[in-house]
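Colleague: Before I ask anything, here is the structure I am working with.
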Amino acid sequence: MRVLVTGSAGFIGYHLSDLLLAEGHEVVGLDSHNDYYDPALKAAREARLSGRDGFTPVRGKVETPGLLAELFARHRPEAVVHLAAQAGVRYSIENPRAYVEANLLGSFELLEAARAHPPRHLLMASTSSVYGANTEMPYRETDKADSQMSFYAATKKSNEAMAHSYAHLFDIPTTMFRFFTVYGPWGRPDMAPYLFTSAILDGRPIKVFNHGDMRRDFTYVSDLVRAIRLLIDAAPGRPATPDQIEPATASRPSRRGGGQYRQWRFGPAARIHRRDRGRVEPAGDPRTAADAARRCARDLGRYRAAAALDGIRAADFGSGGRTHLCGVVPGILWVG
């Protein structure tokens with residue numbers, strides 16, 4: 001199978017490309033290596049893929065007119081996984097134009113390319129942030145998502161609407177994902193585990209908002225890309241082949257802001273700086289929770305959930321060696 005992965009040098013894109021190549025598939029990987037965070041990390045990820053049989057790296061921005069259309073026409077991918085985007089909730093306040101260009105125009109270019117050269121399955125990344133001001137937990141795909149709290153989330157909700165219309169109008173089998181706080185090896189340095197670790201090791205205080213009353217469902221990256229891989233073969237209208245792994249348990253949210261967990265995990269005592277006296281940031285979502293078990297069982301086969309802390313201990317820092325088949329696999333939303 002030939003798969004086009006946009007954002008292939010990004011955190012999730014790298015892990016997905018690695019899995020696909022290990023299975024013997026061809027991967028065309030498009031990435032711009034932008035400087036939202038250190039491009040050297042993206043180059044290092046791509047370097048680990050570039051020497052592998054079947055990997056074709058392409059440097060460019062998804063919003064570049066005609067670039068995706070040319071890639072679709074040349075490579076005729078059977079599956080497309082669109083992960084490239086301008087990420088980050090807080091940065092969308094500082095630089096909203098970057099989100100218009102990458103998320104709105106980039107996704108439009110992708111959908112037009114898929115219209116001209118339809119793949120067997122188009123899969124696109126959205127975010128748990130689209131649930132916005134919803135207060136009922138856990139979030140379910142059937143919940144309304146009409147009150148986004150950040151411009152980043154607004155662009156991702158727009159992507160869902162755009163993809164739905166193209167799926168309907170042009171018969172493109174499409175699946176959207178609402179990712180919940182993905183973490184793991186080669187992760188993004190702007191995410192909490194790395195920000196906290198860096199602050200502790202440097203002797204700096206951890207910045208905590210809302211008096212530390214923040215809860216998140218974390219998704220371990222290997223679990224996530226395994227779910228994506230299973231869904232590539234399960235285009236809407238066709239059931240997934242159940243994976244032979246253990247039964248699901250309820251997802252377990254991980255609390256951010258407590259010093260004891262960090263002190264136990266990372267060694268040095270964590271000093272906590274309650275920034276702006278605990279004020280909630282305008283773009284922040286104080287809590288997220290995913291109704292994961294139903295989708296795991298129905299669409300992906302049976303999964304065993306792994307606690308976020310176990311994943312950090314075993315995978316990020318190499319101290320456990322345990323295998324985690326499924327952390328939280330939330331928010332899988334069929335749109336076509």
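Chain labels A, B, ... are given in the sequence in which chains occur in the structure tokens; within each chain residues are numbered consecutively from 1, and ligands are likewise numbered from 1 in the order shown.
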Could you go through segment 131-181 of chain A and tell me which residues DSSP, when run on the backbone, assigns to strand (DSSP E), listing them as an MDAnalysis selection string?

Modeller: chainID A and resid 174:179

Colleague: Write out as number ranges by chain which residues come within 9 Å of Lys42 of chain A when counting only C-alpha atoms, dropping same-chain ones fewer than 5 positions away.

Modeller: A: 8-11, 14, 31, 33-34, 37, 47

Colleague: Closest to Leu195 of chain A among A:Leu105, A:Ile93, A:Leu122, A:Val208, using only C-alpha atoms?

Modeller: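 That would be A:Val208, the residue with the smallest distance to Leu195 of chain A.
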
Colleague: One decimal, in Å: what's the spacing between atom CA of Phe180 of chain A and atom CA of Ala69 of chain A?

Modeller: 29.9 Å

Colleague: Using only C-alpha atoms, determine which residues lie at most 9 Å from Pro96 of chain A, disregarding the query and same-chain residues fewer than 5 positions distant; provide the list as a PyMOL selection string.

Modeller: chain A and resi 91+101+151-152

Colleague: Just checking: using only C-alpha atoms, which residue out of A:His168, A:Arg178, A:Lys156, A:Arg90 ends up closest to Tyr139 of chain A?

Modeller: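 Under the stated criterion, the closest residue is A:Arg178.
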
Colleague: Taking the DSSP secondary structure from the backbone, can you list the residues of segment 16-151 of chain A that are alpha helix (DSSP H), as a ChimeraX atom specification?

Modeller: /A:16-22,39-50,67-75,91-94,96-99,106-116,151

Colleague: Can you tell me how far atom CA of Ser158 of chain A sits from atom CA of Asp146 of chain A, in Å to one decimal?

Modeller: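 Computing the Euclidean distance for atom CA of Ser158 of chain A and atom CA of Asp146 of chain A yields 10.5 Å.
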
Colleague: Got a sec: who's within 12 Å of Asp171 of chain A, counting only C-alpha atoms, leaving out chain neighbours fewer than 5 positions off, as an mmCIF file with all heavy atoms, in the first residue's frame?

Modeller:
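Dumped everything to around-v7.cif:
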data_model
loop_
_atom_site.group_PDB
_atom_site.id
_atom_site.type_symbol
_atom_site.label_atom_id
_atom_site.label_comp_id
_atom_site.auth_asym_id
_atom_site.auth_seq_id
_atom_site.Cartn_x
_atom_site.Cartn_y
_atom_site.Cartn_z
ATOM 1 N N LEU A 111 -8.148 18.598 0.218
ATOM 2 C CA LEU A 111 -9.450 18.100 -0.215
ATOM 3 C C LEU A 111 -9.626 18.234 -1.723
ATOM 4 O O LEU A 111 -10.210 17.354 -2.371
ATOM 5 C CB LEU A 111 -10.555 18.856 0.524
ATOM 6 C CG LEU A 111 -10.661 18.542 2.022
ATOM 7 C CD1 LEU A 111 -11.569 19.540 2.716
ATOM 8 C CD2 LEU A 111 -11.142 17.120 2.259
ATOM 9 N N ALA A 114 -7.721 15.418 -3.227
ATOM 10 C CA ALA A 114 -8.451 14.155 -3.063
ATOM 11 C C ALA A 114 -9.666 14.102 -3.984
ATOM 12 O O ALA A 114 -10.057 13.019 -4.447
ATOM 13 C CB ALA A 114 -8.886 14.008 -1.606
ATOM 14 N N ARG A 115 -10.251 15.240 -4.263
ATOM 15 C CA ARG A 115 -11.365 15.286 -5.209
ATOM 16 C C ARG A 115 -10.906 14.879 -6.605
ATOM 17 O O ARG A 115 -11.598 14.130 -7.312
ATOM 18 C CB ARG A 115 -11.943 16.698 -5.220
ATOM 19 C CG ARG A 115 -12.985 16.966 -6.273
ATOM 20 C CD ARG A 115 -13.360 18.443 -6.249
ATOM 21 N NE ARG A 115 -14.337 18.780 -7.271
ATOM 22 C CZ ARG A 115 -14.801 20.010 -7.483
ATOM 23 N NH1 ARG A 115 -14.367 21.008 -6.730
ATOM 24 N NH2 ARG A 115 -15.682 20.248 -8.432
ATOM 25 N N ALA A 116 -9.729 15.358 -7.005
ATOM 26 C CA ALA A 116 -9.222 15.052 -8.340
ATOM 27 C C ALA A 116 -8.698 13.628 -8.443
ATOM 28 O O ALA A 116 -8.830 12.986 -9.498
ATOM 29 C CB ALA A 116 -8.119 16.046 -8.713
ATOM 30 N N HIS A 117 -8.109 13.137 -7.363
ATOM 31 C CA HIS A 117 -7.514 11.791 -7.371
ATOM 32 C C HIS A 117 -7.926 11.072 -6.082
ATOM 33 O O HIS A 117 -7.149 10.988 -5.130
ATOM 34 C CB HIS A 117 -5.995 11.882 -7.467
ATOM 35 C CG HIS A 117 -5.500 12.678 -8.631
ATOM 36 N ND1 HIS A 117 -5.516 12.198 -9.923
ATOM 37 C CD2 HIS A 117 -4.998 13.942 -8.698
ATOM 38 C CE1 HIS A 117 -5.034 13.113 -10.742
ATOM 39 N NE2 HIS A 117 -4.704 14.179 -10.022
ATOM 40 N N PRO A 118 -9.143 10.562 -6.019
ATOM 41 C CA PRO A 118 -9.676 10.045 -4.761
ATOM 42 C C PRO A 118 -8.889 8.844 -4.234
ATOM 43 O O PRO A 118 -8.672 7.862 -4.961
ATOM 44 C CB PRO A 118 -11.107 9.636 -5.117
ATOM 45 C CG PRO A 118 -11.428 10.369 -6.375
ATOM 46 C CD PRO A 118 -10.131 10.490 -7.106
ATOM 47 N N PRO A 119 -8.442 8.891 -2.987
ATOM 48 C CA PRO A 119 -7.838 7.716 -2.367
ATOM 49 C C PRO A 119 -8.932 6.764 -1.884
ATOM 50 O O PRO A 119 -10.113 7.141 -1.817
ATOM 51 C CB PRO A 119 -7.071 8.312 -1.179
ATOM 52 C CG PRO A 119 -7.871 9.510 -0.803
ATOM 53 C CD PRO A 119 -8.441 10.062 -2.092
ATOM 54 N N ARG A 120 -8.538 5.558 -1.530
ATOM 55 C CA ARG A 120 -9.517 4.627 -0.955
ATOM 56 C C ARG A 120 -10.012 5.117 0.393
ATOM 57 O O ARG A 120 -11.140 4.831 0.779
ATOM 58 C CB ARG A 120 -8.894 3.239 -0.800
ATOM 59 C CG ARG A 120 -8.612 2.538 -2.098
ATOM 60 C CD ARG A 120 -8.272 1.076 -1.903
ATOM 61 N NE ARG A 120 -7.382 0.847 -0.768
ATOM 62 C CZ ARG A 120 -6.631 -0.247 -0.631
ATOM 63 N NH1 ARG A 120 -6.662 -1.184 -1.551
ATOM 64 N NH2 ARG A 120 -5.855 -0.396 0.411
ATOM 65 N N HIS A 121 -9.160 5.862 1.113
ATOM 66 C CA HIS A 121 -9.541 6.358 2.429
ATOM 67 C C HIS A 121 -8.723 7.601 2.740
ATOM 68 O O HIS A 121 -7.504 7.605 2.604
ATOM 69 C CB HIS A 121 -9.286 5.280 3.497
ATOM 70 C CG HIS A 121 -9.957 5.546 4.807
ATOM 71 N ND1 HIS A 121 -9.844 4.689 5.885
ATOM 72 C CD2 HIS A 121 -10.755 6.565 5.231
ATOM 73 C CE1 HIS A 121 -10.540 5.163 6.905
ATOM 74 N NE2 HIS A 121 -11.099 6.293 6.530
ATOM 75 N N LEU A 122 -9.409 8.658 3.151
ATOM 76 C CA LEU A 122 -8.785 9.901 3.590
ATOM 77 C C LEU A 122 -9.009 10.030 5.094
ATOM 78 O O LEU A 122 -10.158 9.969 5.561
ATOM 79 C CB LEU A 122 -9.400 11.082 2.854
ATOM 80 C CG LEU A 122 -9.006 12.484 3.330
ATOM 81 C CD1 LEU A 122 -7.509 12.713 3.159
ATOM 82 C CD2 LEU A 122 -9.813 13.544 2.583
ATOM 83 N N ALA A 163 -14.361 18.707 5.441
ATOM 84 C CA ALA A 163 -14.204 17.299 5.050
ATOM 85 C C ALA A 163 -15.554 16.624 4.883
ATOM 86 O O ALA A 163 -15.743 15.798 3.970
ATOM 87 C CB ALA A 163 -13.367 16.569 6.100
ATOM 88 N N HIS A 164 -16.504 16.956 5.746
ATOM 89 C CA HIS A 164 -17.830 16.356 5.635
ATOM 90 C C HIS A 164 -18.469 16.719 4.300
ATOM 91 O O HIS A 164 -19.066 15.869 3.621
ATOM 92 C CB HIS A 164 -18.713 16.825 6.791
ATOM 93 C CG HIS A 164 -20.021 16.091 6.872
ATOM 94 N ND1 HIS A 164 -21.088 16.372 6.045
ATOM 95 C CD2 HIS A 164 -20.428 15.087 7.684
ATOM 96 C CE1 HIS A 164 -22.091 15.565 6.343
ATOM 97 N NE2 HIS A 164 -21.719 14.779 7.336
ATOM 98 N N SER A 165 -18.333 17.977 3.899
ATOM 99 C CA SER A 165 -18.949 18.394 2.646
ATOM 100 C C SER A 165 -18.306 17.697 1.447
ATOM 101 O O SER A 165 -19.009 17.264 0.527
ATOM 102 C CB SER A 165 -18.863 19.922 2.495
ATOM 103 O OG SER A 165 -17.529 20.343 2.343
ATOM 104 N N TYR A 166 -16.984 17.585 1.440
ATOM 105 C CA TYR A 166 -16.308 16.907 0.334
ATOM 106 C C TYR A 166 -16.635 15.410 0.322
ATOM 107 O O TYR A 166 -16.787 14.810 -0.754
ATOM 108 C CB TYR A 166 -14.796 17.126 0.413
ATOM 109 C CG TYR A 166 -14.327 18.348 -0.325
ATOM 110 C CD1 TYR A 166 -14.654 19.624 0.128
ATOM 111 C CD2 TYR A 166 -13.567 18.251 -1.489
ATOM 112 C CE1 TYR A 166 -14.235 20.758 -0.554
ATOM 113 C CE2 TYR A 166 -13.136 19.375 -2.165
ATOM 114 C CZ TYR A 166 -13.482 20.629 -1.688
ATOM 115 O OH TYR A 166 -13.065 21.753 -2.371
ATOM 116 N N ALA A 235 -12.280 1.936 5.999
ATOM 117 C CA ALA A 235 -12.952 3.109 5.450
ATOM 118 C C ALA A 235 -14.425 3.070 5.804
ATOM 119 O O ALA A 235 -14.994 1.988 5.975
ATOM 120 C CB ALA A 235 -12.771 3.151 3.935
ATOM 121 N N PRO A 236 -15.076 4.207 5.967
ATOM 122 C CA PRO A 236 -16.493 4.225 6.298
ATOM 123 C C PRO A 236 -17.303 3.331 5.364
ATOM 124 O O PRO A 236 -17.100 3.324 4.150
ATOM 125 C CB PRO A 236 -16.868 5.699 6.126
ATOM 126 C CG PRO A 236 -15.606 6.415 6.430
ATOM 127 C CD PRO A 236 -14.507 5.557 5.881
ATOM 128 N N GLY A 237 -18.175 2.558 5.977
ATOM 129 C CA GLY A 237 -18.963 1.597 5.220
ATOM 130 C C GLY A 237 -18.427 0.196 5.302
ATOM 131 O O GLY A 237 -19.102 -0.754 4.908
ATOM 132 N N VAL A 335 -16.959 10.725 9.239
ATOM 133 C CA VAL A 335 -17.659 11.832 8.584
ATOM 134 C C VAL A 335 -18.089 11.515 7.157
ATOM 135 O O VAL A 335 -18.713 12.338 6.524
ATOM 136 C CB VAL A 335 -16.795 13.119 8.562
ATOM 137 C CG1 VAL A 335 -16.467 13.561 9.959
ATOM 138 C CG2 VAL A 335 -15.559 12.951 7.732
ATOM 139 N N GLY A 336 -17.776 10.371 6.645
ATOM 140 C CA GLY A 336 -18.185 10.099 5.265
ATOM 141 C C GLY A 336 -18.258 8.613 5.005
ATOM 142 O O GLY A 336 -17.776 7.831 5.796
#

Colleague: Need to verify the contact set: Arg52 of chain A, 12 Å, only C-alpha atoms, exclusion of same-chain residues closer than 2 positions in sequence. Can you return it as a PyMOL selection string?

Modeller: chain A and resi 17-28+46-50+54-57

Colleague: Deliver the residues from the most recent selection as a file, using N, CA, C and O atoms, as a PDB file, in the first residue's frame.

Modeller:
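Listing of selection07.pdb after writing:
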ATOM      1  N   SER A  17       4.554   6.962  10.255  1.00  0.00           N
ATOM      2  CA  SER A  17       5.388   6.581   9.109  1.00  0.00           C
ATOM      3  C   SER A  17       6.300   5.423   9.473  1.00  0.00           C
ATOM      4  O   SER A  17       6.494   4.492   8.677  1.00  0.00           O
ATOM      5  N   ASP A  18       6.859   5.460  10.664  1.00  0.00           N
ATOM      6  CA  ASP A  18       7.723   4.384  11.131  1.00  0.00           C
ATOM      7  C   ASP A  18       6.973   3.056  11.169  1.00  0.00           C
ATOM      8  O   ASP A  18       7.492   2.016  10.725  1.00  0.00           O
ATOM      9  N   LEU A  19       5.759   3.062  11.666  1.00  0.00           N
ATOM     10  CA  LEU A  19       4.953   1.842  11.726  1.00  0.00           C
ATOM     11  C   LEU A  19       4.617   1.331  10.333  1.00  0.00           C
ATOM     12  O   LEU A  19       4.731   0.124  10.047  1.00  0.00           O
ATOM     13  N   LEU A  20       4.219   2.225   9.442  1.00  0.00           N
ATOM     14  CA  LEU A  20       3.858   1.810   8.086  1.00  0.00           C
ATOM     15  C   LEU A  20       5.057   1.219   7.348  1.00  0.00           C
ATOM     16  O   LEU A  20       4.936   0.189   6.664  1.00  0.00           O
ATOM     17  N   LEU A  21       6.220   1.838   7.495  1.00  0.00           N
ATOM     18  CA  LEU A  21       7.417   1.316   6.844  1.00  0.00           C
ATOM     19  C   LEU A  21       7.794  -0.046   7.414  1.00  0.00           C
ATOM     20  O   LEU A  21       8.232  -0.944   6.673  1.00  0.00           O
ATOM     21  N   ALA A  22       7.646  -0.213   8.724  1.00  0.00           N
ATOM     22  CA  ALA A  22       7.961  -1.502   9.346  1.00  0.00           C
ATOM     23  C   ALA A  22       7.073  -2.613   8.809  1.00  0.00           C
ATOM     24  O   ALA A  22       7.488  -3.779   8.764  1.00  0.00           O
ATOM     25  N   GLU A  23       5.868  -2.263   8.384  1.00  0.00           N
ATOM     26  CA  GLU A  23       4.954  -3.251   7.810  1.00  0.00           C
ATOM     27  C   GLU A  23       5.194  -3.468   6.321  1.00  0.00           C
ATOM     28  O   GLU A  23       4.522  -4.293   5.704  1.00  0.00           O
ATOM     29  N   GLY A  24       6.121  -2.714   5.737  1.00  0.00           N
ATOM     30  CA  GLY A  24       6.449  -2.915   4.337  1.00  0.00           C
ATOM     31  C   GLY A  24       5.700  -2.035   3.365  1.00  0.00           C
ATOM     32  O   GLY A  24       5.786  -2.240   2.144  1.00  0.00           O
ATOM     33  N   HIS A  25       4.976  -1.036   3.854  1.00  0.00           N
ATOM     34  CA  HIS A  25       4.238  -0.140   2.970  1.00  0.00           C
ATOM     35  C   HIS A  25       5.145   0.984   2.465  1.00  0.00           C
ATOM     36  O   HIS A  25       6.197   1.251   3.041  1.00  0.00           O
ATOM     37  N   GLU A  26       4.721   1.620   1.411  1.00  0.00           N
ATOM     38  CA  GLU A  26       5.414   2.807   0.906  1.00  0.00           C
ATOM     39  C   GLU A  26       4.817   4.045   1.569  1.00  0.00           C
ATOM     40  O   GLU A  26       3.591   4.137   1.739  1.00  0.00           O
ATOM     41  N   VAL A  27       5.659   4.980   1.930  1.00  0.00           N
ATOM     42  CA  VAL A  27       5.202   6.221   2.560  1.00  0.00           C
ATOM     43  C   VAL A  27       5.782   7.408   1.805  1.00  0.00           C
ATOM     44  O   VAL A  27       7.003   7.505   1.627  1.00  0.00           O
ATOM     45  N   VAL A  28       4.911   8.281   1.345  1.00  0.00           N
ATOM     46  CA  VAL A  28       5.321   9.585   0.828  1.00  0.00           C
ATOM     47  C   VAL A  28       5.079  10.574   1.962  1.00  0.00           C
ATOM     48  O   VAL A  28       3.937  10.778   2.386  1.00  0.00           O
ATOM     49  N   GLU A  46      13.000  12.883  10.699  1.00  0.00           N
ATOM     50  CA  GLU A  46      12.987  12.512   9.283  1.00  0.00           C
ATOM     51  C   GLU A  46      14.224  11.715   8.892  1.00  0.00           C
ATOM     52  O   GLU A  46      14.147  10.810   8.046  1.00  0.00           O
ATOM     53  N   ALA A  47      15.362  12.031   9.510  1.00  0.00           N
ATOM     54  CA  ALA A  47      16.588  11.302   9.205  1.00  0.00           C
ATOM     55  C   ALA A  47      16.449   9.827   9.549  1.00  0.00           C
ATOM     56  O   ALA A  47      17.044   8.963   8.888  1.00  0.00           O
ATOM     57  N   ARG A  48      15.678   9.509  10.578  1.00  0.00           N
ATOM     58  CA  ARG A  48      15.468   8.111  10.960  1.00  0.00           C
ATOM     59  C   ARG A  48      14.574   7.381   9.968  1.00  0.00           C
ATOM     60  O   ARG A  48      14.565   6.153   9.922  1.00  0.00           O
ATOM     61  N   LEU A  49      13.814   8.131   9.184  1.00  0.00           N
ATOM     62  CA  LEU A  49      12.948   7.524   8.177  1.00  0.00           C
ATOM     63  C   LEU A  49      13.607   7.484   6.803  1.00  0.00           C
ATOM     64  O   LEU A  49      13.353   6.569   6.012  1.00  0.00           O
ATOM     65  N   SER A  50      14.467   8.452   6.517  1.00  0.00           N
ATOM     66  CA  SER A  50      14.959   8.646   5.155  1.00  0.00           C
ATOM     67  C   SER A  50      15.825   7.503   4.649  1.00  0.00           C
ATOM     68  O   SER A  50      15.907   7.268   3.441  1.00  0.00           O
ATOM     69  N   GLY A  54      11.293   2.433   0.869  1.00  0.00           N
ATOM     70  CA  GLY A  54       9.886   2.777   0.730  1.00  0.00           C
ATOM     71  C   GLY A  54       9.518   4.171   1.176  1.00  0.00           C
ATOM     72  O   GLY A  54       8.364   4.582   1.014  1.00  0.00           O
ATOM     73  N   PHE A  55      10.477   4.941   1.729  1.00  0.00           N
ATOM     74  CA  PHE A  55      10.140   6.279   2.212  1.00  0.00           C
ATOM     75  C   PHE A  55      10.598   7.337   1.214  1.00  0.00           C
ATOM     76  O   PHE A  55      11.760   7.362   0.799  1.00  0.00           O
ATOM     77  N   THR A  56       9.671   8.222   0.843  1.00  0.00           N
ATOM     78  CA  THR A  56       9.968   9.326  -0.058  1.00  0.00           C
ATOM     79  C   THR A  56       9.672  10.634   0.652  1.00  0.00           C
ATOM     80  O   THR A  56       8.502  10.987   0.855  1.00  0.00           O
ATOM     81  N   PRO A  57      10.704  11.372   1.084  1.00  0.00           N
ATOM     82  CA  PRO A  57      10.456  12.640   1.761  1.00  0.00           C
ATOM     83  C   PRO A  57      10.209  13.766   0.764  1.00  0.00           C
ATOM     84  O   PRO A  57      10.835  13.827  -0.296  1.00  0.00           O
TER      85      PRO A  57
END

Colleague: Between A:Ala102, A:Glu94, A:Phe179, A:Glu63, which has the minimum distance to Val130 of chain A (counting only C-alpha atoms)?

Modeller: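 Among the listed residues, A:Phe179 lies closest to Val130 of chain A.
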